Amino acid sequence: MSSTLKRVALPGGPSPAYMNLLRELAVTDYKVKYQGSILSGYVWSFARPLLLFGVLYFVFTRVIKLGAGVPDYALSLLIGVVLWTYFLDATVRGMTSIVERGDLIRKVYFPRAIIVIASSVSSGITLALNFVVVAVFFVASGVTPRLTAPLIILVLIELYALTLGCSFLLAALYVRLRDFRHIWELGLQLLFYASPIIYPLSFVPERYRGLLSLNPIAQIVQDARKVLLSSSTLSTIDIIHSPLVVVPYAIPVIVLLVGYFYFDAAAAEFAEQI
Amino acid sequence: MQLLQSLPNRSDLASEIAITTENLTKVFRVPTERTTSLKQLAERGFRRTRFRRFEALHELSIEVQRGEFFSVIGPNGSGKSTLLKIMAGIYRPTSGRVVVVGRLSPFIELGVGFNAELTARENIFLSGAILGLQRSLIAERFDDIVAFAELEDFLDQKLKNYSSGMLVRLAFSVAIQAHADILLVDEVLAVGDAGFQEKCFEVFRRFKAEGRTIVFVSHDMASVQEFSDRVLLLDRGRARGVFSPAAAAVEYSKLNEEHANSLLRNAPETASSADADRPHIASVQVLDADGKPTHAIQRGQGVTVKLRISNPRRQPINAGVGVYRDDGLYMFGTNTIVTHTSVPTDAEIVLNLDYEYMDLHNGTYWLSAGLFGARLAVTFEMRERVYSFHVGQSDGFEGVMYLPHKWRSG
């Protein structure tokens, strides 16, 4: 037997209301994350990537001296850490967003995707603030960003597509199987070391570079460094000279489409499964 | 005219039906073993997960008229909330159809999405957004919302410091701003003090006058009776019918009694054999002045409670009867010990308890009956909620009981 739920809605649709909801949820997420902390939330949102950056910088310039000979290693490292922190933070929070908003889902109807998008936007606020830190470091190091710097917007759009796609997929899977939290955390660790965040790609033996460059995180981090910092950064285009070069750019689009449609199909059952 | 604009086309308005359900069925598949971890998944292997089917709604077909106050009542687990959630789009029907014509307010419960860590001010905007209200609109009506909730002095306090009464007031004040011509309301009046409840009723009267359609879920017969145009009575997912409010009150009492009696009948099966010949209550009935069983009485009328007791071992026993309001308030209790009544020690006993006047207010009430030994410390049997009846009230007295009184001058 077929089942239908016919809704005769207003022409023009309720999209402004949904945009409004999206904004409120995103801002609430952000505010609540740092509620009850002694320092203001903004300070804490800088603290995590800065601490990671500080530790890595010390280890790789003073202890192991991996970055000693690399030009602008500090800025390069910082860009990588900031972008990675966003991906990690947004996907982990996106994954749990549906389950954590269970009360809302059981009691109110609105497109469920709004919750996941709001969560990724909320992490995006932190990313935007972290870019202020990056700018301060540029000034402090006396480095002028390249003229191609505005292209960073395209790189960020790609990162956002990848993040949102992963979040959709993970959020829907997490409703069914809570183990995905641990699986994803393992995956993130692998991905972190499989991406040239702490080490320069030029240190990787040449025969592995092609393989590594297929990873969209590697491509995003390298492209970000290339447009902001140095034209000599090895990006995917410089490494792969076959049609395979489109792979890392296609992955975010595919992940976003697959993630969204999987999420959309699963969403009808969320209210009963949470 | 405003209604016309908010509707997609005239043919929908011509039907004058706001919500239609056709053969609506909802089956929940409750996993008997829930698999949320990989370990369990591995242990279970490739066997299919076992599910217990639970039919929350069965082939329900109803029509809610435009501008109607339509109530849904029924005991717990009868499918009231499931029906509302399907109308709201939260659950997908298993089969059948729901057609909603018009703008529907998505709130089912008050205070959904409130965040305890944020201030009342912030929560008003958040909650408004969840109800589909624009920020500018909330800003415009902000003072009204706060004034209605009577929370002017607590605006910048975090919600976690609010009492439950304050929370309900705040939630209701935001919820009534919803810009919808169909409202789905679930048990919102269960909480809040009497003064605020009166304000809520005032709002419902206004909504009714404005021609908004309201679907109201409750098990409080009194508020259902006051506002409803029609009442759907649900019993285990099936419609017992759509009634006038007065008829619904009687039908609801009958239904409650059927359930109570089926519990009574089933009870001996669960008792252990050692207790088989313990004294027990075979039946409880409320009889009117003509000696006929009744579920609807007028306030001030006299009634008789008839207890049939089985006492195979002819033990010395005492009996007690308590009257409870639907919300659980204990109204009155009596027993044969406090009244120094001797109960015959026959194997089958009939005890009649005559109430001279049932001076209870409008509402649904329950009887509980108990059997004791020579002292109350020995309980043979305690039957909660064995019989339900409805009291109708046409005088204008208020409160929970009638105090005999007269006015004098001087």
# chains A, B, ... in the order shown; residues from 1 in each chain; ligands from 1

$ residues_around --residues "Val92 (chain A)" --least-positions-apart "5" --cutoff "9 Å" --atoms "only C-alpha atoms" --output "VMD selection string"
chain A and resid 87 97 167 170 181 184 to 185

$ residues_around --residues "region 49-58 of chain A" --least-positions-apart "4" --cutoff "7 Å" --atoms "only C-alpha atoms" --output "PyMOL selection string"
chain A and resi 62-63+74+78+81-82+85

$ residues_around --residues "Asn115 (chain B)" --least-positions-apart "3" --cutoff "10 Å" --atoms "only C-alpha atoms" --output "mmCIF file with all heavy atoms, in the first residue's frame"
data_model
loop_
_atom_site.group_PDB
_atom_site.id
_atom_site.type_symbol
_atom_site.label_atom_id
_atom_site.label_comp_id
_atom_site.auth_asym_id
_atom_site.auth_seq_id
_atom_site.Cartn_x
_atom_site.Cartn_y
_atom_site.Cartn_z
ATOM 1 N N THR A 28 23.127 29.445 18.031
ATOM 2 C CA THR A 28 22.928 28.783 19.322
ATOM 3 C C THR A 28 24.012 27.742 19.575
ATOM 4 O O THR A 28 24.611 27.695 20.643
ATOM 5 C CB THR A 28 21.554 28.091 19.355
ATOM 6 O OG1 THR A 28 20.569 29.058 19.074
ATOM 7 C CG2 THR A 28 21.291 27.477 20.719
ATOM 8 N N ASP A 29 24.253 26.919 18.551
ATOM 9 C CA ASP A 29 25.304 25.903 18.641
ATOM 10 C C ASP A 29 26.616 26.530 19.087
ATOM 11 O O ASP A 29 27.301 26.030 19.968
ATOM 12 C CB ASP A 29 25.534 25.301 17.243
ATOM 13 C CG ASP A 29 24.954 23.917 17.121
ATOM 14 O OD1 ASP A 29 24.113 23.579 17.969
ATOM 15 O OD2 ASP A 29 25.343 23.203 16.174
ATOM 16 N N VAL A 32 26.440 27.983 22.723
ATOM 17 C CA VAL A 32 26.343 26.971 23.769
ATOM 18 C C VAL A 32 27.653 26.218 23.934
ATOM 19 O O VAL A 32 28.019 25.815 25.026
ATOM 20 C CB VAL A 32 25.181 25.999 23.459
ATOM 21 C CG1 VAL A 32 25.194 24.816 24.402
ATOM 22 C CG2 VAL A 32 23.866 26.745 23.553
ATOM 23 N N GLY B 111 7.745 24.605 24.424
ATOM 24 C CA GLY B 111 9.138 24.725 24.833
ATOM 25 C C GLY B 111 10.092 23.845 24.057
ATOM 26 O O GLY B 111 11.201 23.598 24.504
ATOM 27 N N VAL B 112 9.672 23.377 22.887
ATOM 28 C CA VAL B 112 10.562 22.549 22.085
ATOM 29 C C VAL B 112 11.738 23.392 21.611
ATOM 30 O O VAL B 112 11.543 24.497 21.100
ATOM 31 C CB VAL B 112 9.818 21.968 20.875
ATOM 32 C CG1 VAL B 112 10.784 21.317 19.919
ATOM 33 C CG2 VAL B 112 8.791 20.971 21.340
ATOM 34 N N LEU B 118 20.874 29.230 27.605
ATOM 35 C CA LEU B 118 20.709 30.571 27.057
ATOM 36 C C LEU B 118 19.693 31.360 27.882
ATOM 37 O O LEU B 118 18.901 30.790 28.622
ATOM 38 C CB LEU B 118 20.234 30.497 25.602
ATOM 39 C CG LEU B 118 21.143 29.777 24.616
ATOM 40 C CD1 LEU B 118 20.538 29.802 23.224
ATOM 41 C CD2 LEU B 118 22.532 30.394 24.584
ATOM 42 N N THR B 119 19.718 32.664 27.731
ATOM 43 C CA THR B 119 18.775 33.502 28.476
ATOM 44 C C THR B 119 17.382 33.411 27.839
ATOM 45 O O THR B 119 17.231 32.946 26.712
ATOM 46 C CB THR B 119 19.205 34.981 28.443
ATOM 47 O OG1 THR B 119 19.123 35.438 27.092
ATOM 48 C CG2 THR B 119 20.610 35.163 28.959
ATOM 49 N N ALA B 120 16.402 33.893 28.578
ATOM 50 C CA ALA B 120 15.031 33.888 28.075
ATOM 51 C C ALA B 120 14.949 34.694 26.784
ATOM 52 O O ALA B 120 14.304 34.297 25.817
ATOM 53 C CB ALA B 120 14.092 34.459 29.122
ATOM 54 N N GLU B 122 17.245 35.214 24.511
ATOM 55 C CA GLU B 122 17.783 34.458 23.374
ATOM 56 C C GLU B 122 16.844 33.320 22.983
ATOM 57 O O GLU B 122 16.661 33.022 21.802
ATOM 58 C CB GLU B 122 19.169 33.900 23.729
ATOM 59 C CG GLU B 122 20.216 34.970 23.877
ATOM 60 C CD GLU B 122 21.507 34.453 24.525
ATOM 61 O OE1 GLU B 122 21.440 33.721 25.537
ATOM 62 O OE2 GLU B 122 22.566 34.783 24.017
ATOM 63 N N ASN B 123 16.248 32.697 24.008
ATOM 64 C CA ASN B 123 15.364 31.571 23.729
ATOM 65 C C ASN B 123 14.094 31.983 22.996
ATOM 66 O O ASN B 123 13.529 31.181 22.251
ATOM 67 C CB ASN B 123 15.007 30.849 25.030
ATOM 68 C CG ASN B 123 15.953 29.700 25.307
ATOM 69 O OD1 ASN B 123 16.017 28.754 24.535
ATOM 70 N ND2 ASN B 123 16.705 29.792 26.387
ATOM 71 N N LEU B 126 15.083 31.932 19.428
ATOM 72 C CA LEU B 126 15.346 30.565 18.983
ATOM 73 C C LEU B 126 14.039 29.806 18.801
ATOM 74 O O LEU B 126 13.783 29.199 17.761
ATOM 75 C CB LEU B 126 16.242 29.866 20.014
ATOM 76 C CG LEU B 126 16.505 28.381 19.784
ATOM 77 C CD1 LEU B 126 17.241 28.179 18.473
ATOM 78 C CD2 LEU B 126 17.317 27.796 20.929
ATOM 79 N N SER B 127 13.203 29.872 19.830
ATOM 80 C CA SER B 127 11.948 29.137 19.801
ATOM 81 C C SER B 127 11.045 29.664 18.686
ATOM 82 O O SER B 127 10.365 28.895 18.010
ATOM 83 C CB SER B 127 11.293 29.273 21.173
ATOM 84 O OG SER B 127 10.029 28.727 21.187
ATOM 85 N N LYS B 158 19.323 32.924 32.681
ATOM 86 C CA LYS B 158 19.378 31.702 31.890
ATOM 87 C C LYS B 158 18.161 30.841 32.203
ATOM 88 O O LYS B 158 17.666 30.837 33.331
ATOM 89 C CB LYS B 158 20.645 30.920 32.225
ATOM 90 C CG LYS B 158 21.852 31.526 31.558
ATOM 91 C CD LYS B 158 23.064 30.659 31.768
ATOM 92 C CE LYS B 158 24.276 31.347 31.169
ATOM 93 N NZ LYS B 158 25.500 30.597 31.434
ATOM 94 N N LEU B 159 17.736 30.103 31.198
ATOM 95 C CA LEU B 159 16.519 29.322 31.356
ATOM 96 C C LEU B 159 16.652 28.219 32.406
ATOM 97 O O LEU B 159 15.668 27.761 32.959
ATOM 98 C CB LEU B 159 16.129 28.708 30.004
ATOM 99 C CG LEU B 159 14.718 29.003 29.555
ATOM 100 C CD1 LEU B 159 14.398 30.473 29.635
ATOM 101 C CD2 LEU B 159 14.484 28.508 28.154
ATOM 102 N N LYS B 160 17.897 27.811 32.676
ATOM 103 C CA LYS B 160 18.058 26.741 33.659
ATOM 104 C C LYS B 160 17.662 27.206 35.052
ATOM 105 O O LYS B 160 17.433 26.391 35.938
ATOM 106 C CB LYS B 160 19.484 26.184 33.640
ATOM 107 C CG LYS B 160 20.559 27.179 34.011
ATOM 108 C CD LYS B 160 21.922 26.492 33.921
ATOM 109 C CE LYS B 160 23.032 27.499 34.116
ATOM 110 N NZ LYS B 160 24.347 26.928 33.794
#

$ residues_around --residues "Gln219 (chain A)" --least-positions-apart "5" --cutoff "7 Å" --atoms "only C-alpha atoms" --output "ChimeraX atom specification"
/A:213,235-236,248

$ atom_distance --atom1 "CA of Tyr330 (chain B)" --atom2 "CA of Val303 (chain B)"
18.6 Å
